[in-house]
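> upload-v6.txt is reproduced below (compact mmCIF, C-alpha atoms).
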# COMPACT_ATOMS: atom_id res chain seq x y z
CA MET A 1 0.00 0.00 0.00
CA ASP A 2 2.81 2.36 0.91
CA ARG A 3 4.51 1.81 -2.39
CA ILE A 4 1.37 2.49 -4.37
CA TYR A 5 0.92 5.70 -2.37
CA ILE A 6 4.46 6.79 -3.20
CA LEU A 7 3.93 6.02 -6.88
CA ILE A 8 0.68 7.98 -7.06
CA MET A 9 2.24 10.92 -5.23
CA GLY A 10 5.26 10.83 -7.54
CA PHE A 11 2.99 10.87 -10.57
CA LEU A 12 0.92 13.79 -9.31
CA SER A 13 4.03 15.67 -8.26
CA VAL A 14 5.61 15.42 -11.68
CA VAL A 15 2.38 16.29 -13.51
CA ILE A 16 1.16 19.20 -11.42
CA VAL A 17 3.71 20.49 -8.92
CA ASN A 18 6.92 19.95 -10.85
CA ASN A 19 5.44 20.25 -14.31
CA PHE A 20 8.36 20.21 -16.75
CA VAL A 21 7.04 23.04 -18.89
CA PHE A 22 6.09 25.39 -16.07
CA THR A 23 8.88 24.90 -13.56
CA LYS A 24 11.80 23.67 -15.63
CA PHE A 25 11.08 25.40 -18.95
CA LEU A 26 11.64 22.20 -20.90
CA GLY A 27 9.87 21.77 -24.21
CA THR A 28 9.15 25.45 -24.58
CA CYS A 29 9.71 25.41 -28.35
CA PRO A 30 6.97 22.91 -29.27
CA TYR A 31 4.90 24.41 -26.45
CA LEU A 32 4.87 27.72 -28.33
CA GLY A 33 5.08 26.32 -31.85
CA VAL A 34 2.47 23.57 -31.93
CA SER A 35 -0.08 24.95 -29.51
CA GLY A 36 -2.04 26.83 -32.19
CA ARG A 37 -4.88 24.32 -32.42
CA LEU A 38 -6.27 22.00 -29.81
CA ASP A 39 -6.37 18.79 -31.88
CA THR A 40 -2.75 18.99 -33.09
CA ALA A 41 -1.66 19.91 -29.58
CA PHE A 42 -3.49 16.89 -28.21
CA GLY A 43 -1.91 14.55 -30.75
CA MET A 44 1.51 16.00 -30.10
CA GLY A 45 1.00 15.65 -26.35
CA LEU A 46 0.05 11.99 -26.71
CA ALA A 47 3.02 11.22 -28.97
CA VAL A 48 5.41 12.95 -26.56
CA THR A 49 3.90 11.11 -23.59
CA PHE A 50 4.46 7.79 -25.30
CA VAL A 51 8.01 8.54 -26.41
CA THR A 52 8.92 9.99 -23.02
CA ALA A 53 7.66 6.91 -21.19
CA LEU A 54 9.47 4.59 -23.57
CA SER A 55 12.78 6.43 -23.65
CA GLY A 56 12.75 7.19 -19.92
CA VAL A 57 12.60 3.48 -19.16
CA LEU A 58 15.07 2.53 -21.91
CA THR A 59 17.70 5.11 -20.94
CA TRP A 60 17.41 4.09 -17.30
CA LEU A 61 17.98 0.45 -18.28
CA VAL A 62 20.95 1.37 -20.47
CA ASP A 63 22.38 3.53 -17.71
CA PHE A 64 21.88 0.99 -14.95
CA TYR A 65 22.90 -2.21 -16.71
CA ILE A 66 25.47 -1.05 -19.27
CA LEU A 67 27.02 2.34 -18.58
CA VAL A 68 27.52 2.22 -14.82
CA PRO A 69 28.92 -1.35 -14.58
CA LEU A 70 31.30 -0.66 -17.47
CA HIS A 71 32.28 2.82 -16.16
CA LEU A 72 31.23 4.48 -19.39
CA GLU A 73 29.33 7.37 -17.75
CA ILE A 74 31.27 9.79 -19.93
CA THR A 75 29.37 8.65 -23.02
CA ARG A 76 26.06 9.06 -21.24
CA TYR A 77 24.69 11.94 -23.33
CA ILE A 78 25.57 10.28 -26.61
CA CYS A 79 23.93 7.01 -25.54
CA TYR A 80 20.81 8.85 -24.38
CA ILE A 81 20.52 10.58 -27.73
CA ILE A 82 20.87 7.32 -29.63
CA VAL A 83 18.24 5.63 -27.45
CA ILE A 84 15.80 8.53 -27.82
CA ALA A 85 16.27 8.73 -31.58
CA GLY A 86 15.75 4.97 -31.79
CA ALA A 87 12.57 5.17 -29.72
CA VAL A 88 11.21 7.96 -31.91
CA GLN A 89 12.04 5.97 -35.03
CA LEU A 90 10.22 2.97 -33.56
CA VAL A 91 7.11 5.02 -32.81
CA GLU A 92 7.24 6.54 -36.28
CA MET A 93 7.40 3.14 -38.00
CA TYR A 94 4.63 1.76 -35.78
CA VAL A 95 2.29 4.67 -36.40
CA ARG A 96 3.00 4.64 -40.13
CA LYS A 97 2.20 0.94 -40.38
CA PHE A 98 -0.89 0.75 -38.20
CA PHE A 99 -2.40 4.26 -38.12
CA PRO A 100 -1.75 5.86 -41.54
CA PRO A 101 -4.24 8.75 -41.07
CA LEU A 102 -2.65 9.70 -37.74
CA TYR A 103 0.76 9.54 -39.36
CA LYS A 104 -0.36 11.98 -42.05
CA SER A 105 -1.75 14.46 -39.54
CA PHE A 106 1.51 14.47 -37.56
CA GLY A 107 3.66 15.17 -40.59
CA ILE A 108 6.96 16.74 -39.69
CA PHE A 109 6.32 16.79 -35.92
CA LEU A 110 7.00 13.13 -35.40
CA PRO A 111 10.73 13.05 -36.27
CA LEU A 112 11.16 16.37 -34.51
CA ILE A 113 10.05 14.83 -31.21
CA SER A 114 13.56 13.40 -30.89
CA THR A 115 14.84 16.94 -30.38
CA ASN A 116 12.16 17.79 -27.82
CA CYS A 117 13.83 18.95 -24.61
CA VAL A 118 11.25 17.26 -22.39
CA ILE A 119 12.51 13.81 -23.28
CA LEU A 120 16.24 14.32 -22.82
CA GLY A 121 15.50 16.53 -19.81
CA LEU A 122 13.50 13.77 -18.18
CA CYS A 123 16.28 11.22 -18.75
CA LEU A 124 18.78 13.59 -17.15
CA PHE A 125 16.51 14.43 -14.23
CA ILE A 126 15.85 10.76 -13.53
CA ASN A 127 19.61 10.40 -13.38
CA ILE A 128 19.90 13.35 -10.97
CA TRP A 129 17.03 12.19 -8.76
CA GLY A 130 18.85 8.88 -8.47
CA THR A 131 15.77 6.72 -8.89
CA ASP A 132 16.75 3.08 -8.52
CA ASN A 133 13.49 1.26 -9.16
CA LEU A 134 12.15 0.44 -12.62
CA LEU A 135 8.51 0.93 -11.66
CA GLU A 136 9.17 4.40 -10.26
CA VAL A 137 11.08 5.33 -13.41
CA ALA A 138 8.17 4.18 -15.57
CA VAL A 139 5.66 6.15 -13.51
CA LEU A 140 7.78 9.29 -13.43
CA SER A 141 8.46 9.23 -17.18
CA THR A 142 4.80 8.72 -18.02
CA GLY A 143 3.98 11.54 -15.62
CA ALA A 144 6.47 13.92 -17.20
CA GLY A 145 5.09 13.27 -20.68
CA PHE A 146 1.54 13.59 -19.39
CA GLY A 147 2.42 16.90 -17.72
CA PHE A 148 3.68 18.19 -21.04
CA ALA A 149 0.45 17.05 -22.73
CA VAL A 150 -1.64 18.81 -20.09
CA ALA A 151 0.36 22.02 -20.43
CA ILE A 152 0.23 22.10 -24.21
CA CYS A 153 -3.52 21.34 -24.28
CA ILE A 154 -4.33 24.11 -21.78
CA MET A 155 -2.21 26.50 -23.82
CA ALA A 156 -3.84 25.50 -27.11
CA ALA A 157 -7.31 25.98 -25.65
CA ILE A 158 -6.37 29.43 -24.39
CA ARG A 159 -4.80 30.39 -27.70
CA GLU A 160 -7.89 29.37 -29.66
CA ASN A 161 -9.76 31.99 -27.69
CA LEU A 162 -6.89 34.46 -27.77
CA ILE A 163 -7.42 34.93 -31.51
CA LEU A 164 -10.60 36.84 -30.70
CA ALA A 165 -8.91 39.08 -28.15
CA ASP A 166 -7.91 42.64 -28.96
CA VAL A 167 -4.14 42.54 -28.53
CA PRO A 168 -1.81 45.45 -29.43
CA GLU A 169 -0.31 44.91 -32.90
CA CYS A 170 3.28 44.38 -31.75
CA PHE A 171 2.28 41.81 -29.10
CA LYS A 172 0.42 39.53 -31.53
CA GLY A 173 1.72 36.00 -31.83
CA ALA A 174 4.63 34.88 -29.70
CA PRO A 175 4.87 37.76 -27.16
CA ILE A 176 1.31 37.47 -25.91
CA THR A 177 1.66 33.68 -25.85
CA LEU A 178 4.71 33.98 -23.62
CA ILE A 179 2.95 36.37 -21.26
CA THR A 180 -0.03 34.01 -21.10
CA ALA A 181 2.38 31.20 -20.33
CA GLY A 182 3.83 33.32 -17.53
CA LEU A 183 0.39 33.80 -16.01
CA LEU A 184 -0.25 30.07 -16.33
CA THR A 185 2.95 29.28 -14.43
CA LEU A 186 1.73 31.68 -11.75
CA ALA A 187 -1.49 29.68 -11.53
CA PHE A 188 0.40 26.41 -11.34
CA MET A 189 2.62 27.84 -8.61
CA GLY A 190 -0.39 27.58 -6.35
CA PHE A 191 0.33 23.85 -6.19
CA THR A 192 3.88 24.35 -4.92
CA GLY A 193 4.56 22.68 -1.64
CA MET A 194 1.47 20.49 -1.77
CA ILE A 195 3.51 17.36 -2.40
CA ARG A 196 7.19 16.84 -1.62
CA MET B 1 35.95 37.15 -62.12
CA ALA B 2 36.85 40.41 -60.43
CA ASP B 3 33.57 40.44 -58.60
CA GLU B 4 34.03 37.07 -57.07
CA PRO B 5 36.34 37.85 -54.12
CA GLN B 6 34.12 40.79 -53.25
CA ALA B 7 31.03 38.61 -53.39
CA THR B 8 32.61 36.04 -51.08
CA THR B 9 33.69 38.72 -48.61
CA ALA B 10 30.13 40.02 -48.58
CA LEU B 11 28.92 36.47 -47.98
CA TYR B 12 31.25 36.05 -45.02
CA LYS B 13 30.22 39.38 -43.56
CA GLN B 14 26.59 38.42 -44.08
CA ALA B 15 27.09 35.11 -42.26
CA LEU B 16 28.74 36.87 -39.33
CA ILE B 17 26.28 39.73 -38.92
CA ALA B 18 22.97 38.00 -39.69
CA GLY B 19 22.78 36.25 -36.32
CA LEU B 20 23.27 39.42 -34.32
CA TRP B 21 19.95 41.07 -35.01
CA ARG B 22 18.26 40.26 -38.33
CA GLU B 23 18.24 36.53 -37.56
CA ASN B 24 18.74 36.80 -33.82
CA PRO B 25 17.79 33.31 -32.59
CA THR B 26 15.91 34.42 -29.51
CA PHE B 27 14.21 37.66 -30.50
CA ARG B 28 13.55 37.14 -34.20
CA MET B 29 13.54 33.40 -34.92
CA LEU B 30 12.08 32.24 -31.57
CA ILE B 31 14.18 29.12 -31.39
CA GLY B 32 16.13 27.64 -28.54
CA LEU B 33 13.90 29.25 -25.93
CA CYS B 34 14.58 26.86 -23.06
CA PRO B 35 17.94 28.30 -21.89
CA PRO B 36 16.86 31.96 -22.17
CA LEU B 37 14.05 31.14 -19.77
CA ALA B 38 15.83 28.74 -17.48
CA VAL B 39 19.30 30.10 -16.75
CA THR B 40 18.63 33.84 -16.74
CA THR B 41 18.10 34.40 -13.04
CA ALA B 42 21.53 36.07 -12.93
CA VAL B 43 24.00 37.36 -15.50
CA LYS B 44 26.92 35.10 -14.66
CA PRO B 45 25.27 31.73 -15.37
CA ALA B 46 23.67 33.27 -18.47
CA LEU B 47 27.09 34.35 -19.74
CA THR B 48 28.57 30.91 -19.02
CA MET B 49 25.68 29.32 -20.86
CA GLY B 50 26.12 31.67 -23.80
CA LEU B 51 29.83 30.93 -24.06
CA SER B 52 29.21 27.17 -23.94
CA VAL B 53 26.62 27.52 -26.68
CA ILE B 54 29.06 29.52 -28.84
CA PHE B 55 31.72 26.81 -28.35
CA VAL B 56 29.33 23.96 -29.18
CA LEU B 57 27.78 25.82 -32.10
CA VAL B 58 31.11 26.65 -33.74
CA CYS B 59 32.53 23.16 -33.25
CA SER B 60 29.41 21.34 -34.44
CA ASN B 61 29.11 23.69 -37.42
CA ILE B 62 32.69 22.81 -38.39
CA ALA B 63 32.06 19.08 -38.01
CA ILE B 64 28.77 19.11 -39.89
CA SER B 65 30.14 21.33 -42.62
CA LEU B 66 33.01 18.89 -43.14
CA MET B 67 30.71 15.90 -43.50
CA ARG B 68 27.93 17.67 -45.40
CA ASN B 69 28.56 15.69 -48.60
CA LEU B 70 28.29 12.35 -46.81
CA LEU B 71 24.93 13.00 -45.12
CA LYS B 72 21.92 10.92 -46.08
CA PRO B 73 18.57 12.71 -45.72
CA HIS B 74 16.94 10.30 -43.29
CA LEU B 75 20.01 10.03 -41.07
CA ARG B 76 20.63 13.77 -41.04
CA ILE B 77 19.08 14.71 -37.70
CA ILE B 78 20.70 11.84 -35.81
CA MET B 79 24.13 12.72 -37.25
CA PHE B 80 23.60 16.34 -36.19
CA THR B 81 22.59 15.44 -32.66
CA LEU B 82 25.42 12.92 -32.27
CA SER B 83 28.10 15.40 -33.27
CA ILE B 84 26.50 18.06 -31.07
CA ALA B 85 26.35 15.59 -28.16
CA THR B 86 30.08 14.96 -28.47
CA PHE B 87 30.96 18.66 -28.15
CA VAL B 88 28.42 19.19 -25.38
CA THR B 89 30.11 16.39 -23.43
CA ILE B 90 33.43 18.21 -23.83
CA ALA B 91 31.91 21.51 -22.68
CA ASP B 92 30.18 19.83 -19.74
CA LEU B 93 33.35 18.10 -18.56
CA TYR B 94 35.30 21.35 -18.88
CA LEU B 95 32.73 23.27 -16.84
CA ARG B 96 32.65 20.55 -14.21
CA ALA B 97 36.44 20.60 -13.89
CA PHE B 98 37.19 24.32 -13.99
CA GLN B 99 33.91 26.11 -13.23
CA ALA B 100 32.45 23.83 -10.57
CA GLU B 101 30.19 26.51 -9.12
CA MET B 102 28.66 27.43 -12.49
CA SER B 103 28.26 23.78 -13.41
CA GLU B 104 26.32 23.30 -10.17
CA ILE B 105 23.96 26.18 -10.97
CA LEU B 106 23.40 25.26 -14.62
CA GLY B 107 22.91 21.60 -13.76
CA PRO B 108 21.12 19.62 -16.48
CA TYR B 109 20.77 22.66 -18.70
CA VAL B 110 24.32 22.16 -20.01
CA PRO B 111 23.59 18.68 -21.44
CA LEU B 112 20.29 20.06 -22.66
CA ILE B 113 22.25 22.18 -25.15
CA ILE B 114 22.20 18.97 -27.24
CA VAL B 115 18.53 19.38 -28.00
CA ASN B 116 18.65 23.16 -28.26
CA CYS B 117 16.76 23.92 -31.45
CA LEU B 118 19.15 26.78 -32.23
CA ILE B 119 22.12 24.51 -32.88
CA ILE B 120 20.17 21.95 -34.92
CA PHE B 121 18.54 24.78 -36.84
CA ARG B 122 21.90 26.36 -37.72
CA ALA B 123 23.24 22.94 -38.71
CA GLU B 124 20.26 22.35 -40.97
CA VAL B 125 20.06 25.81 -42.51
CA CYS B 126 23.70 26.76 -42.79
CA ALA B 127 26.35 24.20 -41.91
CA SER B 128 24.96 21.35 -44.02
CA LYS B 129 24.96 23.59 -47.09
CA SER B 130 28.00 25.87 -46.89
CA ASN B 131 31.76 25.59 -46.59
CA VAL B 132 33.72 25.52 -43.34
CA LEU B 133 34.62 29.20 -43.12
CA VAL B 134 31.05 30.39 -43.63
CA SER B 135 29.87 27.86 -41.05
CA ILE B 136 32.39 29.08 -38.48
CA LEU B 137 31.41 32.71 -39.01
CA ASP B 138 27.74 31.79 -38.89
CA GLY B 139 28.30 29.90 -35.63
CA ILE B 140 30.10 32.86 -34.06
CA GLY B 141 27.42 35.29 -35.27
CA SER B 142 24.37 33.34 -34.11
CA GLY B 143 26.08 32.30 -30.89
CA THR B 144 26.92 35.89 -30.05
CA GLY B 145 23.40 37.02 -30.85
CA PHE B 146 22.08 34.31 -28.55
CA THR B 147 24.51 35.27 -25.76
CA ILE B 148 23.55 38.94 -26.02
CA ALA B 149 19.88 38.04 -25.78
CA LEU B 150 20.58 35.84 -22.74
CA CYS B 151 22.54 38.63 -21.03
CA ILE B 152 19.88 41.29 -21.66
CA LEU B 153 17.19 39.05 -20.21
CA ALA B 154 19.38 37.99 -17.29
CA GLY B 155 20.41 41.60 -16.60
CA ILE B 156 16.80 42.78 -16.37
CA ARG B 157 15.80 39.87 -14.18
CA GLU B 158 18.79 40.11 -11.89
CA ILE B 159 18.46 43.86 -11.35
CA LEU B 160 14.75 43.64 -10.61
CA ALA B 161 14.97 40.51 -8.50
CA SER B 162 17.93 41.33 -6.28
CA GLY B 163 19.10 44.84 -7.16
CA CYS B 164 22.47 43.48 -8.25
CA PHE B 165 24.22 43.23 -11.57
CA PHE B 166 26.89 40.57 -12.00
CA GLY B 167 26.82 40.14 -8.22
CA ILE B 168 27.51 43.84 -7.56
CA ARG B 169 24.81 45.83 -5.84
CA ILE B 170 23.75 48.80 -7.96
CA MET B 171 20.27 49.71 -6.82
CA PRO B 172 19.80 52.04 -3.78
CA SER B 173 19.10 50.31 -0.48
CA SER B 174 15.51 51.56 -0.47
CA PHE B 175 14.83 49.38 -3.55
CA VAL B 176 12.37 46.59 -2.82
CA PRO B 177 13.36 43.43 -4.70
CA LEU B 178 10.68 41.90 -6.88
CA SER B 179 11.05 38.27 -6.01
CA ALA B 180 8.57 37.29 -8.73
CA MET B 181 11.31 37.98 -11.27
CA GLN B 182 13.30 35.12 -9.81
CA MET B 183 10.44 32.73 -10.43
CA PRO B 184 9.36 31.13 -13.72
CA VAL B 185 6.67 33.74 -14.21
CA GLY B 186 9.32 36.47 -14.35
CA ALA B 187 11.15 34.64 -17.11
CA PHE B 188 8.08 34.15 -19.30
CA VAL B 189 6.72 37.67 -18.85
CA THR B 190 10.06 39.43 -19.32
CA LEU B 191 10.77 37.48 -22.50
CA GLY B 192 7.24 38.18 -23.74
CA LEU B 193 7.64 41.92 -23.15
CA LEU B 194 11.08 41.95 -24.80
CA LEU B 195 9.69 40.13 -27.84
CA GLY B 196 6.86 42.64 -28.01
CA LEU B 197 9.40 45.46 -27.85
CA SER B 198 11.54 43.93 -30.57
CA SER B 199 8.59 43.44 -32.91
CA PHE B 200 7.47 47.00 -32.12
CA LEU B 201 10.90 48.33 -33.10
CA THR B 202 11.04 46.33 -36.35
CA THR B 203 7.57 47.28 -37.52
CA LYS B 204 8.32 50.93 -36.76
CA LYS B 205 11.50 50.77 -38.83
CA LYS B 206 9.56 49.39 -41.80
CA ASP B 207 7.01 52.24 -41.86
Written as structure tokens, how would this file's structure read?


Amino acid sequence: MDRIYILIMGFLSVVIVNNFVFTKFLGTCPYLGVSGRLDTAFGMGLAVTFVTALSGVLTWLVDFYILVPLHLEITRYICYIIVIAGAVQLVEMYVRKFFPPLYKSFGIFLPLISTNCVILGLCLFINIWGTDNLLEVAVLSTGAGFGFAVAICIMAAIRENLILADVPECFKGAPITLITAGLLTLAFMGFTGMIR
Amino acid sequence: MADEPQATTALYKQALIAGLWRENPTFRMLIGLCPPLAVTTAVKPALTMGLSVIFVLVCSNIAISLMRNLLKPHLRIIMFTLSIATFVTIADLYLRAFQAEMSEILGPYVPLIIVNCLIIFRAEVCASKSNVLVSILDGIGSGTGFTIALCILAGIREILASGCFFGIRIMPSSFVPLSAMQMPVGAFVTLGLLLGLSSFLTTKKKD
């Protein structure tokens, strides 16, 4: 029971309290670039969640069973990148084979996920947190991806309404989006200190 | 034939200057936004970050420019990221050895240079298409533009949040620090306002 409690708390903490977009600024580029429409944002969020979960677990396994026993920590970043790129490639092939319409709607975004900061950031943070339990790693990585999906969906919904707002000419587009994002982080700061 | 040397000099100049303002990565192209938001609580880490980015950008531009004829389209991105990762590892180890304090503050944001869109973007747009010299100049230009943007943002945030600049107190003692500037919200809002200002200035120039 205790362990389940810890897992649930860890998940909530990484989704709400330590949301990667709002507190660590990771994945800001797709967050601003793709959040124009709710349906693309949702698809992107789901794809990132899946890749994050997969690569979080895979990099942890590589780190724990290959790099540390062989004292190859120095090549850590390069190995992480290879694993992430491989995971993205895998997802791309899978989606292309089994969900062709979804593949078409993603277009260029899918290969670009491999350069999404959330994923590499999560792998590095898992390393820093020193998690030593596969289940925890899986829960945290799913949570991080899910947090990104939540953030980008909220942002897309706000931006769909923002089109109607009367914004000064020079603030249209990215500037007002950034300020909105700032206010959103302020809202999410209300959760600080709730867990951990 | 006589025009050719002049044309190449102009090209070099162009590559060097473009990144400073016209194609400034942060203010005009809106790429590589994670570090400007994350490490700009004070000027010193921002400057360290900027210098590391210049180093990585120049080195990876050289490497990618040298192998640009060997690249296959579908393996392009992975080759870019792998060469970038190599140089980032060098920069990270250097910082850890000689700038331990800065390395502590920057934490995972140094390895995150690998997935900084700015570097991949420059590799894609410039280094994979032009010769080594142009790529080096382009790297220096964009890197400097990025560093300047980082320092402006960090300067504003540091002065408003603690009344100091580069660790030296400059505001009068009656100044009340705005601690919100230290928090994520300060980063987003300051960058948003600066972007608004920059687009205001450019549209004004056009009229």

> Report the closest atom pair, with its distance in Å rounded to one decimal, for each residue of chain A that has an atom no farther than 6 Å from chain B; count all atoms listed in the file, sort by chain and then rising residue number, and write it as a Markdown table.


| residue | atom | partner | partner_atom | distance |
| --- | --- | --- | --- | --- |
| A:Phe25 | CA | B:Cys34 | CA | 5.6 |
| A:Leu26 | CA | B:Cys34 | CA | 5.9 |
| A:Thr28 | CA | B:Cys34 | CA | 5.8 |
| A:Ile78 | CA | B:Ala85 | CA | 5.6 |
| A:Thr115 | CA | B:Val115 | CA | 5.0 |
| A:Cys117 | CA | B:Val115 | CA | 5.8 |
| A:Cys170 | CA | B:Phe200 | CA | 5.0 |
| A:Phe171 | CA | B:Gly196 | CA | 4.8 |
| A:Pro175 | CA | B:Gly192 | CA | 4.2 |
| A:Leu178 | CA | B:Gly192 | CA | 4.9 |
| A:Ile179 | CA | B:Val189 | CA | 4.7 |
| A:Gly182 | CA | B:Val185 | CA | 4.4 |
| A:Thr185 | CA | B:Val185 | CA | 5.8 |
| A:Leu186 | CA | B:Val185 | CA | 5.9 |

> Have a look at atom CA of A:Arg96 and atom CA of A:Val48 and let me know their distance in Å, one decimal.

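Answer for the atom CA of A:Arg96 to atom CA of A:Val48 separation: 16.1 Å.
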
> With 3 Å added on each side, what axis-aligned box encloses every listed atom of stretch 33-36 of chain B? Give the centre and edge lengths in Å to one decimal, as lines of an AutoDock Vina configuration file.


center_x = 15.9
center_y = 29.4
center_z = -23.9
size_x = 10.0
size_y = 11.1
size_z = 10.0

> Could you check the closest approach to B:Ile119 for each of B:Thr8, B:Thr40, B:Ser52, B:Asn61 and tell me which residue wins, using only C-alpha atoms?

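Nearest candidate to B:Ile119 out of B:Thr8, B:Thr40, B:Ser52, B:Asn61: B:Asn61.
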
> Select all residues near (21.1, 3.3, -14.0) (cut-off 12 Å, inclusive, file coordinates), counting all atoms listed in the file, and output them as number ranges by chain.

A: 56-73, 76, 80, 123-124, 126-134, 137

> From the coordinates I just gave you, please extract stretch 175-195 of chain B so that only N, CA and C atoms remain, then output it as a PDB file, in the first residue's frame.


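After the write, part34.pdb holds the following:
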ATOM      1  N   PHE B 175      15.466  50.150  -2.484  1.00  0.00           N
ATOM      2  CA  PHE B 175      14.827  49.380  -3.551  1.00  0.00           C
ATOM      3  C   PHE B 175      14.263  48.067  -3.009  1.00  0.00           C
ATOM      4  N   VAL B 176      12.983  47.837  -3.288  1.00  0.00           N
ATOM      5  CA  VAL B 176      12.373  46.589  -2.819  1.00  0.00           C
ATOM      6  C   VAL B 176      12.496  45.540  -3.922  1.00  0.00           C
ATOM      7  N   PRO B 177      13.182  44.430  -3.652  1.00  0.00           N
ATOM      8  CA  PRO B 177      13.360  43.426  -4.702  1.00  0.00           C
ATOM      9  C   PRO B 177      12.030  42.789  -5.096  1.00  0.00           C
ATOM     10  N   LEU B 178      11.873  42.577  -6.390  1.00  0.00           N
ATOM     11  CA  LEU B 178      10.677  41.905  -6.885  1.00  0.00           C
ATOM     12  C   LEU B 178      11.005  40.426  -6.996  1.00  0.00           C
ATOM     13  N   SER B 179      10.603  39.656  -5.987  1.00  0.00           N
ATOM     14  CA  SER B 179      11.054  38.271  -6.013  1.00  0.00           C
ATOM     15  C   SER B 179      10.348  37.472  -7.106  1.00  0.00           C
ATOM     16  N   ALA B 180       9.252  38.018  -7.658  1.00  0.00           N
ATOM     17  CA  ALA B 180       8.573  37.294  -8.731  1.00  0.00           C
ATOM     18  C   ALA B 180       9.490  37.128  -9.934  1.00  0.00           C
ATOM     19  N   MET B 181      10.438  38.075 -10.116  1.00  0.00           N
ATOM     20  CA  MET B 181      11.312  37.985 -11.275  1.00  0.00           C
ATOM     21  C   MET B 181      12.225  36.768 -11.195  1.00  0.00           C
ATOM     22  N   GLN B 182      12.446  36.288  -9.976  1.00  0.00           N
ATOM     23  CA  GLN B 182      13.302  35.119  -9.805  1.00  0.00           C
ATOM     24  C   GLN B 182      12.565  33.848 -10.214  1.00  0.00           C
ATOM     25  N   MET B 183      11.254  33.923 -10.215  1.00  0.00           N
ATOM     26  CA  MET B 183      10.438  32.725 -10.426  1.00  0.00           C
ATOM     27  C   MET B 183      10.140  32.559 -11.915  1.00  0.00           C
ATOM     28  N   PRO B 184       9.642  31.363 -12.300  1.00  0.00           N
ATOM     29  CA  PRO B 184       9.357  31.128 -13.719  1.00  0.00           C
ATOM     30  C   PRO B 184       8.522  32.217 -14.360  1.00  0.00           C
ATOM     31  N   VAL B 185       7.559  32.751 -13.612  1.00  0.00           N
ATOM     32  CA  VAL B 185       6.671  33.744 -14.213  1.00  0.00           C
ATOM     33  C   VAL B 185       7.465  34.953 -14.703  1.00  0.00           C
ATOM     34  N   GLY B 186       8.497  35.338 -13.945  1.00  0.00           N
ATOM     35  CA  GLY B 186       9.325  36.469 -14.354  1.00  0.00           C
ATOM     36  C   GLY B 186       9.982  36.202 -15.686  1.00  0.00           C
ATOM     37  N   ALA B 187      10.469  34.979 -15.867  1.00  0.00           N
ATOM     38  CA  ALA B 187      11.146  34.639 -17.115  1.00  0.00           C
ATOM     39  C   ALA B 187      10.201  34.766 -18.294  1.00  0.00           C
ATOM     40  N   PHE B 188       9.008  34.139 -18.165  1.00  0.00           N
ATOM     41  CA  PHE B 188       8.080  34.154 -19.296  1.00  0.00           C
ATOM     42  C   PHE B 188       7.645  35.573 -19.630  1.00  0.00           C
ATOM     43  N   VAL B 189       7.270  36.339 -18.586  1.00  0.00           N
ATOM     44  CA  VAL B 189       6.716  37.668 -18.850  1.00  0.00           C
ATOM     45  C   VAL B 189       7.792  38.598 -19.401  1.00  0.00           C
ATOM     46  N   THR B 190       9.009  38.558 -18.819  1.00  0.00           N
ATOM     47  CA  THR B 190      10.065  39.430 -19.324  1.00  0.00           C
ATOM     48  C   THR B 190      10.360  39.130 -20.780  1.00  0.00           C
ATOM     49  N   LEU B 191      10.477  37.832 -21.112  1.00  0.00           N
ATOM     50  CA  LEU B 191      10.770  37.482 -22.501  1.00  0.00           C
ATOM     51  C   LEU B 191       9.629  37.922 -23.410  1.00  0.00           C
ATOM     52  N   GLY B 192       8.391  37.748 -22.949  1.00  0.00           N
ATOM     53  CA  GLY B 192       7.240  38.180 -23.742  1.00  0.00           C
ATOM     54  C   GLY B 192       7.290  39.666 -24.019  1.00  0.00           C
ATOM     55  N   LEU B 193       7.581  40.479 -22.971  1.00  0.00           N
ATOM     56  CA  LEU B 193       7.642  41.922 -23.149  1.00  0.00           C
ATOM     57  C   LEU B 193       8.776  42.308 -24.087  1.00  0.00           C
ATOM     58  N   LEU B 194       9.949  41.636 -23.928  1.00  0.00           N
ATOM     59  CA  LEU B 194      11.077  41.953 -24.803  1.00  0.00           C
ATOM     60  C   LEU B 194      10.750  41.621 -26.259  1.00  0.00           C
ATOM     61  N   LEU B 195      10.069  40.496 -26.471  1.00  0.00           N
ATOM     62  CA  LEU B 195       9.687  40.125 -27.836  1.00  0.00           C
ATOM     63  C   LEU B 195       8.735  41.156 -28.413  1.00  0.00           C
TER      64      LEU B 195
END
